[in-house]
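Trainee: The structure is given below, and queries will be raised subsequently.
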Amino acid sequence: MSLVTVPFYQKRHKHFDQSYRNVQTRYLLDEYAAKKRTSSRSSSQKSLSQKSSSQRASDRGSFAATTCSICAKRVSTAQEEEEEHEKKRRYQSLVASYGEAKRERFLRELAEMEENVHLARSQAQDKLDKYAIQEMVEDKLAGDRHSYLERMRRAPEILVRLRSHTVWERMSVKLCFTVQGFPTPVVQWYKDGSLICQAGEPGKYRIESKYGVHTLEINRANFDDTATYSAVATNGYGQVSTNAAVVVRRFHGDEEPFRSVGLPIGLPPSSVLPYMHFDVQFLEKFGVTFRREGETVTLKCTLLVTPELKRVQPRAEWYRDDVLVKESRWAKMFFGEGQASLSFSHLNKDDEGLYTLRIVSRGGVSEHSAFLFVRDADPLVTGAPGAPMDLQCHDANRDYVIVTWKPPNTTTESPVIGYFIDRCEVGTDNWVQCNDAPVKICKYPVTGLFEGRSYVFRVRAVNSAGISRPSRVSEAVAALDPVDLRRLQAVHLEGDKEIVIYQDDLEGDVQVPGPPTNVHVSEISRTYVVLSWDPPAPRGKEPLMYFIEKSVVGSGSWQRVNAQTAVRSPRYAVFDLAEGKPYVFRVLSANKHGLSEPSEITAPIQAQDTIAVPSAPGRVLASRNTRTSVVVQWDRPKHEEDLLGYYVDCCVAGSNAWEPCNHKPIGYNRFVVHGLTTGEQYVFRVKAVNAMGMSENSQESDVIKVQAALTVPSHPYGVTLLNCGHSMTLGWKVPRYSGGAPILGYYLDRREAQHRNWHEVNSSPIKERIFTVEGLTEGSLYEFKIAAANLAGIGQPSDPSELFKCEAWTMPEPGPAYDLTFCEVRDSSLVVLWKAPVYSGSSPVSGYFVDYKEEDSGEWSTVNEAPTASRYLKVCDLHQGKTYVFRVRAVNASGVGRPSETSEPVLVEARPGTKEISAGVDEEGNIYLGFDCQEMTDASQFTWCRAYEELAEDDHKFRVETAGDHSKLYFKNPDKGDLGTYSVSVSDTDGVSSSFTLDEEELERLMALSNEIKNPTIPLKSELAYEIFDQGQVRFWLQAEHLSPDASYRFIINDREVSDSEKHKIKCDKATGVIEMVMDRFTIDNEGTYTVQIRDGKAKSQSSLVLIGDAFKAVLDEAELQRREFLRKQGPHFAEYLHWDVTDECEVRLLCKVANTKRETVFKWLKDDVLYDTEAPDLERAVCQLLIPKLSKKDLGEYKATLKDDRGQDVSVLEIAGKVYDDMVLAMSRVCGASASPLKVLCTEEGIRLQCFMKYFTEEMKVNWYHKDAKISSSDHMRIGGSEEMAWLQICEPTEKDKGKYTFEIYDGKDNHQRSLDLSGQAFDEAFAEFQQLKAAAFAEKNRGKVIGGLPDVVTIMEGKTLNLTCTVFGNPDPEVVWFKNDKDIELSDHFSVKVEQAKYVSMTIKGVSSEDSGKYSIHVKNKYGGEKIDVTVSVYKHGEKIPEVSPPQQAKPKLIPASASGP
């Protein structure tokens, strides 16, 4: 059977061919045929029997008709005989037929059984075949179904997009679009980005979807429905969207409604928004921003848009490097509420660039731009390169896509050696590396994609240190053939209907495809070649696949490249080409019907790089831009094939520490480098970048200092009339910015009121800022404007002044002060300076009042209650962050004159990085005041003032030196006359200034420091000191802070210089500043004063050491001791002398450490010069010890440890006595106190005993007992004592007074160790009761009957002798004495007699002992307190017999008899 792929519409049904169904029904057909044969056979037999019987009946009828009556009987007889014969024959026939039938039935049943067995076998075989075929078909169908599904799956694609509409109010509008994809995409509709919900406004919207055509109908549209509508189609392999604008117009009576007009599909939705004129002002702007990869940033501008309309707004557009930025998962935009912002949730270097915000309206475009710099994130491996960027996917097809990217800048890292490309299917997190070896160029063809699936890609760079972080993932790309869309055709039907079909449906029945056409090479590199071709035409309906073959030119043989995997895309990347060999290629197309003929052969192709690494850029020029930026320009490289851009590096001049300026290649040969340090000097270099890598570095630029570029100065301001007569004297303030160059002069223009033309006042520049204008008409009104000039040219003129009337001033009060300036603006204070009025009035100016107020406030406040004679005033107690304005009024004898012009507003707040004047002394001892200014320009100048009056250049007391951004004011001959306030200001800056008050204390400090420098001394790290060496040598030394190679020195002993000799070894290490003298033998003759004198250039120093009397004796003794120690250590000796400690087991251990021993060395322990019996220690361990357990006074004495061999001997002595013994006892007390048990109660017949167990106890330990915190002294009632294991307190005959808390205390010299017990309540009662019992028991034990002694345990006696057993008894009262034999009472007779004398001497006599007298004899002694008995064994032997061997007799042991017991 043929394995035909099941069509898509039959996938859910099981359709099989005829042969498959015959196999399935064969058993039923066979069974039906067998039944039919059986029924036909039975029917034929029945008809045959009926025919024979009817024939016999007819014969009988005809015969009867022809027979006569005479012969009837004969005939009848014959007939009967015949019938009988017939019956017999029939019977035989029936028997035979029965046997035959039986045989036939058996044969038939046997045949049927065989047929049934055969049928069962065939049916079983058929079923097995059916199951095998079904399983094979299902497996094939499952594989085909899966492959077909894989081929069918594709991301959504919009065939017909939405169109924009303009409608009248209350009309309905329908938006529709067509989308295809598999699985069927899910479509959602949005209005201005918000999801449309039909349930939210019932009846407003109707959404339908039929056959891939999706519609949104808006019923009865109103003005609020004007919006941008979007449709988003999504499935598991991608997402697409389309949008359109709907404009709802309001109907007026004189207008005719018309049908909606479709706008061009490609027109942006925003272009249909109604425009009007808007005035846009930027209130706050985003500036140059520096961030790192992975961080977040928001670029924001605050806007003022007029008029402010809720429903109509201008359009905000963001651009990066002049490319429109669209919202994505990385970038979010917001426009409204007076601000526009662009936010990045996770920055990558892809986001670096020049960002421009454009506000577009009918009135024009307002824009603002600033650069966003994105540095590399910290690498995962130190030294690894940064991540690649700008990942793009090109030429996507069914199973192929080309990925390109830009390389990272490696200014500080090692060069990139290649890249790894990773892919990930959309919807999963499974990243797969596409290439095994690093790719060296920034382009790679990725193959092996699954058709219809969507993928994202990322790239990682590799260098010698490791692998970089991955780049930002690319946009999702679907593995689809774009030619498939071009093969779609729309066929128009009647009316407005149309259908979309594939071109394949019009090509007819095409079986085997034709060969591909236009086979050519689209990409060539050293490692691969990309072939492209056009599908065959016609191609047929069946899916196409391609096979590529290659051949080395001249070989004549073809090799199939993709023999294992068929290619479905008209693109293929061929790898593994031999380097240097030319190849030709051809392509074959194939479908299920067969393989086409080969295509035309390509031209010979050799795998090689078509582009080369670019050459280095040309000359690099750096020019000034702002105070923190520099403009860098360069010549393009000579070879700039396929350039991706340039990287710019910078370096602080002289440091050779290069840093990247941009982290993403820029495409133009001019770049503004931001973030530089003002006043610092830099050099720059540039590298060109293309897909092959980076060029060599360009030549370095010239050194440039970072400062603002030269421009014309800003306009002067504050034009003030200072005096007026027949002329006018004018004054003005210096421009706020000089343009980076000194101001050369000023130009004045004037005009009369009501005149339009300005007239030049001066043709040559005026250097001063005060000028008298002549040639004026008295009584006329004039206004003036002033322009400043510098090297860059003449700046803009000032605003026209107010109208001044030309009339003479005659008032007695002074005119206005002018030129108000401010310096030293801090958080709560500032200094106001001004110039004296030109017109002084009728009398000289005597002082000034300074007024101030907050800006926009109505009332002026006066700073000083009394006029100040100075032309400056420090204003304090201002509020930080507030803005103030000031004015000054001059005072003379006639009163207060006119106020000055109100000053410009001043914000009371210290500038960031504000610096102050510092006071110091230079290397030559000159006192100076110094100030640094990093913000100064070429036109900036330092102005030093005393009491805010500028110092004259020829002042004999001061000297000013300025170098770059540093300036110093030197005092030539400082004295107390120089005390006061000094200030400095820097022109052409934002008010940089500072002041310093030189008081008397500070001047004295500076004078002292200056004197030290002018009259230097050599500082010493260490004064002259001595050191004694191990051999008894004495070293005298000192150390200076620093000594030059020309330094000289002298050693002087008792006013006599000594030189280097064997006796005095003198040397100097000038690198460390150490000067030393070593004396080998220090004797009594060396007493005296030791001095070292040093001279190094002008500097001097001296240090002395006096060794006289006790000081000298101490040095001498120590030197002798060290010498003796050195000699001692030449033989066996003690490295550590005898010392002791106490172990945890409370044993005293004597220790010493030996050194320089050998095997023959003998070690001995002695006590009081007697050899101590102990084991010899192992000298190789170097530590010897002697344990003294349970130290007591018997252990007092002198202990010695001796070492001796042929090299000498050494002795260490330790005497255990006096304080040493006491310290040992205290140390043992420390161990015992820590190990002491809690107090325990022991009751005795004498009383109650409190015991404390410890590891060791001796009476020498300092112990105390306390009762109720009162110390107890040993007495008859309370006895204190102890044993080796415990200390105890015996309370004799306790009473109620003895209740309470008892404390045992042991003192170890530092701490008291205490154990306490509360002996009261139940504890006392129980102890007291037990004491009473023990006391009674002891009394009974003392007075009971007992045998004191005299009886042996065994007695051996010869027969016939007399036995006398005698003992002494005791008891109070006198005890009763009873004798027993074999536990029976002895009957007294002449043979047995007992005698008791004085109630204590008892004897028993047996006369003439016989063998019958052998046995156990017992004596019982008892009184009312009890008693005891003693058993004596008597053994009698006959005369002449050997005496029995018994153990030597011992004193018999008594057995107690209780007081109540009686009998044996």
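Chain labels run A, B, ... following the order of the structure tokens; each chain numbers its residues from 1, and ligands are numbered from 1 in the order shown.
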Please identify all polymer residues within 6 Å of stretch 827-844 of chain A, counting only C-alpha atoms, omitting same-chain residues fewer than 5 positions from it, and present them as a PyMOL selection string.
Mentor: chain A and resi 722-723+812-822+871-880+892+908-910
Trainee: Could you give me, as a ChimeraX atom specification, each residue of stretch 1063-1116 of chain A that DSSP assigns to strand (DSSP E or B) when run on this structure's backbone?
Mentor: /A:1064-1069,1074-1079,1088-1096,1099-1107
Trainee: Which neighbours of A:Ile1306 fall inside 8 Å, counting only C-alpha atoms, when residues of the same chain fewer than 2 positions from it are skipped, and could you give them as a PDB file with N, CA and C atoms, in the first residue's frame?
Mentor:
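What follows is the written file result25.pdb:
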```pdb
ATOM      1  N   SER A1229      44.900  26.054  95.476  1.00  0.00           N
ATOM      2  CA  SER A1229      43.587  26.507  95.934  1.00  0.00           C
ATOM      3  C   SER A1229      42.733  26.938  94.749  1.00  0.00           C
ATOM      4  N   GLY A1233      39.445  25.114  94.271  1.00  0.00           N
ATOM      5  CA  GLY A1233      38.240  25.930  94.369  1.00  0.00           C
ATOM      6  C   GLY A1233      37.356  25.784  93.153  1.00  0.00           C
ATOM      7  N   MET A1261      45.862  25.662 103.012  1.00  0.00           N
ATOM      8  CA  MET A1261      44.991  26.472 102.161  1.00  0.00           C
ATOM      9  C   MET A1261      44.185  27.437 103.005  1.00  0.00           C
ATOM     10  N   LYS A1262      43.953  28.596 102.443  1.00  0.00           N
ATOM     11  CA  LYS A1262      43.225  29.651 103.162  1.00  0.00           C
ATOM     12  C   LYS A1262      41.736  29.433 102.947  1.00  0.00           C
ATOM     13  N   VAL A1263      41.129  28.759 103.951  1.00  0.00           N
ATOM     14  CA  VAL A1263      39.704  28.466 103.859  1.00  0.00           C
ATOM     15  C   VAL A1263      39.000  29.097 105.045  1.00  0.00           C
ATOM     16  N   ASN A1264      37.730  29.391 104.872  1.00  0.00           N
ATOM     17  CA  ASN A1264      36.901  29.966 105.921  1.00  0.00           C
ATOM     18  C   ASN A1264      35.513  29.363 105.796  1.00  0.00           C
ATOM     19  N   PHE A1304      31.159  27.834 102.547  1.00  0.00           N
ATOM     20  CA  PHE A1304      32.567  27.426 102.564  1.00  0.00           C
ATOM     21  C   PHE A1304      33.303  28.284 101.542  1.00  0.00           C
ATOM     22  N   ASP A1308      42.265  31.933  96.552  1.00  0.00           N
ATOM     23  CA  ASP A1308      43.416  31.522  95.743  1.00  0.00           C
ATOM     24  C   ASP A1308      44.385  32.657  95.475  1.00  0.00           C
ATOM     25  N   ASN A1312      37.826  34.487  95.449  1.00  0.00           N
ATOM     26  CA  ASN A1312      37.252  33.630  96.482  1.00  0.00           C
ATOM     27  C   ASN A1312      36.302  32.649  95.815  1.00  0.00           C
ATOM     28  N   HIS A1313      36.467  31.367  96.071  1.00  0.00           N
ATOM     29  CA  HIS A1313      35.586  30.324  95.560  1.00  0.00           C
ATOM     30  C   HIS A1313      34.687  29.909  96.710  1.00  0.00           C
ATOM     31  N   GLN A1314      33.390  30.012  96.520  1.00  0.00           N
ATOM     32  CA  GLN A1314      32.451  29.770  97.608  1.00  0.00           C
ATOM     33  C   GLN A1314      31.462  28.683  97.213  1.00  0.00           C
TER      34      GLN A1314
END
```
Trainee: Name the residues in contact with A:Ala622 at a cut-off of 10 Å, using only C-alpha atoms, excluding same-chain residues fewer than 5 positions from it; report them as a PyMOL selection string.
Mentor: chain A and resi 630-634+670-673+682-685+700-705
Trainee: Near A:Val439, counting only C-alpha atoms, which residues have an atom at most 8 Å away, once you skip same-chain residues fewer than 2 positions from it, shown as a list in words?
Mentor: Gly418, Tyr419, Phe420, Asn435, Ala437, Ile441, Cys442 and Tyr444 of chain A
Trainee: Just write the chosen residues, N, CA and C atoms, as an mmCIF file, in the first residue's frame.
Mentor:
```cif
data_model
loop_
_atom_site.group_PDB
_atom_site.id
_atom_site.type_symbol
_atom_site.label_atom_id
_atom_site.label_comp_id
_atom_site.auth_asym_id
_atom_site.auth_seq_id
_atom_site.Cartn_x
_atom_site.Cartn_y
_atom_site.Cartn_z
ATOM 1 N N GLY A 418 36.837 35.881 19.328
ATOM 2 C CA GLY A 418 35.712 35.271 18.657
ATOM 3 C C GLY A 418 34.429 35.487 19.432
ATOM 4 N N TYR A 419 33.347 34.895 18.894
ATOM 5 C CA TYR A 419 32.022 35.074 19.469
ATOM 6 C C TYR A 419 31.281 33.743 19.447
ATOM 7 N N PHE A 420 30.420 33.564 20.456
ATOM 8 C CA PHE A 420 29.495 32.446 20.502
ATOM 9 C C PHE A 420 28.086 32.987 20.295
ATOM 10 N N ASN A 435 27.275 27.603 17.565
ATOM 11 C CA ASN A 435 28.585 27.304 16.971
ATOM 12 C C ASN A 435 29.485 26.669 18.033
ATOM 13 N N ALA A 437 32.988 26.406 17.697
ATOM 14 C CA ALA A 437 34.216 27.197 17.821
ATOM 15 C C ALA A 437 33.858 28.675 17.675
ATOM 16 N N ILE A 441 34.276 36.835 12.931
ATOM 17 C CA ILE A 441 33.667 38.035 12.364
ATOM 18 C C ILE A 441 32.297 38.225 12.968
ATOM 19 N N CYS A 442 31.765 39.432 12.843
ATOM 20 C CA CYS A 442 30.504 39.790 13.496
ATOM 21 C C CYS A 442 29.320 39.461 12.591
ATOM 22 N N TYR A 444 27.021 35.698 11.294
ATOM 23 C CA TYR A 444 26.999 34.244 11.334
ATOM 24 C C TYR A 444 25.661 33.746 10.819
#
```
Trainee: Taking 2 positions as the minimum chain separation for residues in the same chain, which residues sit within 12 Å of A:Leu1317 when counting only C-alpha atoms? Answer as a PyMOL selection string.
Mentor: chain A and resi 1237-1241+1250-1252+1265-1269+1299-1305+1314-1315+1319-1320+1323-1324
Trainee: Neighbours of stretch 314-316 of chain A within 7 Å (only C-alpha atoms; same-chain residues fewer than 4 positions away dropped), as an NGL selection string?
Mentor: :A and (335 or 357-361)
Trainee: Compare A:Val95, A:Asn243, A:Arg1159, A:Pro1189 by their minimum atom-to-atom distance to A:Asp1206, counting only C-alpha atoms, and give me the closest one.
Mentor: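 Among the listed residues, A:Arg1159 lies closest to A:Asp1206.
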Trainee: Write out as a tab-separated table (two decimals) with C-alpha atoms, in the first residue's frame the set of residues from stretch 954-1186 of chain A that DSSP, computed on the backbone, places in alpha helix (DSSP H).
Mentor:
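Everything below was put into out.tsv:
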```
chain	number	residue	atom	x	y	z
A	1000	GLU	CA	47.87	86.69	65.91
A	1001	GLU	CA	47.77	82.99	66.87
A	1002	GLU	CA	47.82	81.84	63.27
A	1003	LEU	CA	50.65	84.25	62.42
A	1004	GLU	CA	52.74	82.91	65.31
A	1005	ARG	CA	52.21	79.33	64.10
A	1006	LEU	CA	53.26	80.23	60.58
A	1007	MET	CA	56.29	82.21	61.84
A	1008	ALA	CA	57.43	79.23	63.92
A	1009	LEU	CA	57.07	76.88	60.98
A	1010	SER	CA	58.92	79.33	58.74
A	1011	ASN	CA	61.76	79.55	61.23
A	1012	GLU	CA	62.08	75.77	61.31
A	1013	ILE	CA	62.37	75.69	57.55
A	1014	LYS	CA	64.82	78.56	57.28
A	1110	ASP	CA	73.66	53.77	88.57
A	1111	ALA	CA	72.73	54.10	84.90
A	1112	PHE	CA	76.24	53.05	83.85
A	1113	LYS	CA	76.32	50.24	86.44
A	1114	ALA	CA	73.03	48.84	85.09
A	1115	VAL	CA	74.43	48.78	81.55
A	1116	LEU	CA	77.68	47.23	82.70
A	1117	ASP	CA	75.92	44.52	84.76
A	1118	GLU	CA	73.60	43.65	81.89
A	1119	ALA	CA	76.54	43.45	79.46
A	1120	GLU	CA	78.42	41.12	81.80
A	1121	LEU	CA	75.31	39.04	82.30
A	1122	GLN	CA	74.78	38.68	78.57
A	1123	ARG	CA	78.43	37.73	78.15
A	1124	ARG	CA	78.18	35.03	80.81
A	1125	GLU	CA	74.96	33.81	79.28
A	1126	PHE	CA	76.63	33.54	75.92
A	1127	LEU	CA	79.46	31.42	77.39
A	1128	ARG	CA	76.97	29.27	79.28
```
Trainee: With only C-alpha atoms as the basis for distance, which of A:Gly294, A:Gly364, A:Pro797, A:Pro1373 is at the shortest distance from A:Tyr1425?
Mentor: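 Of A:Gly294, A:Gly364, A:Pro797, A:Pro1373, the one nearest A:Tyr1425 is A:Pro1373, counting only C-alpha atoms.
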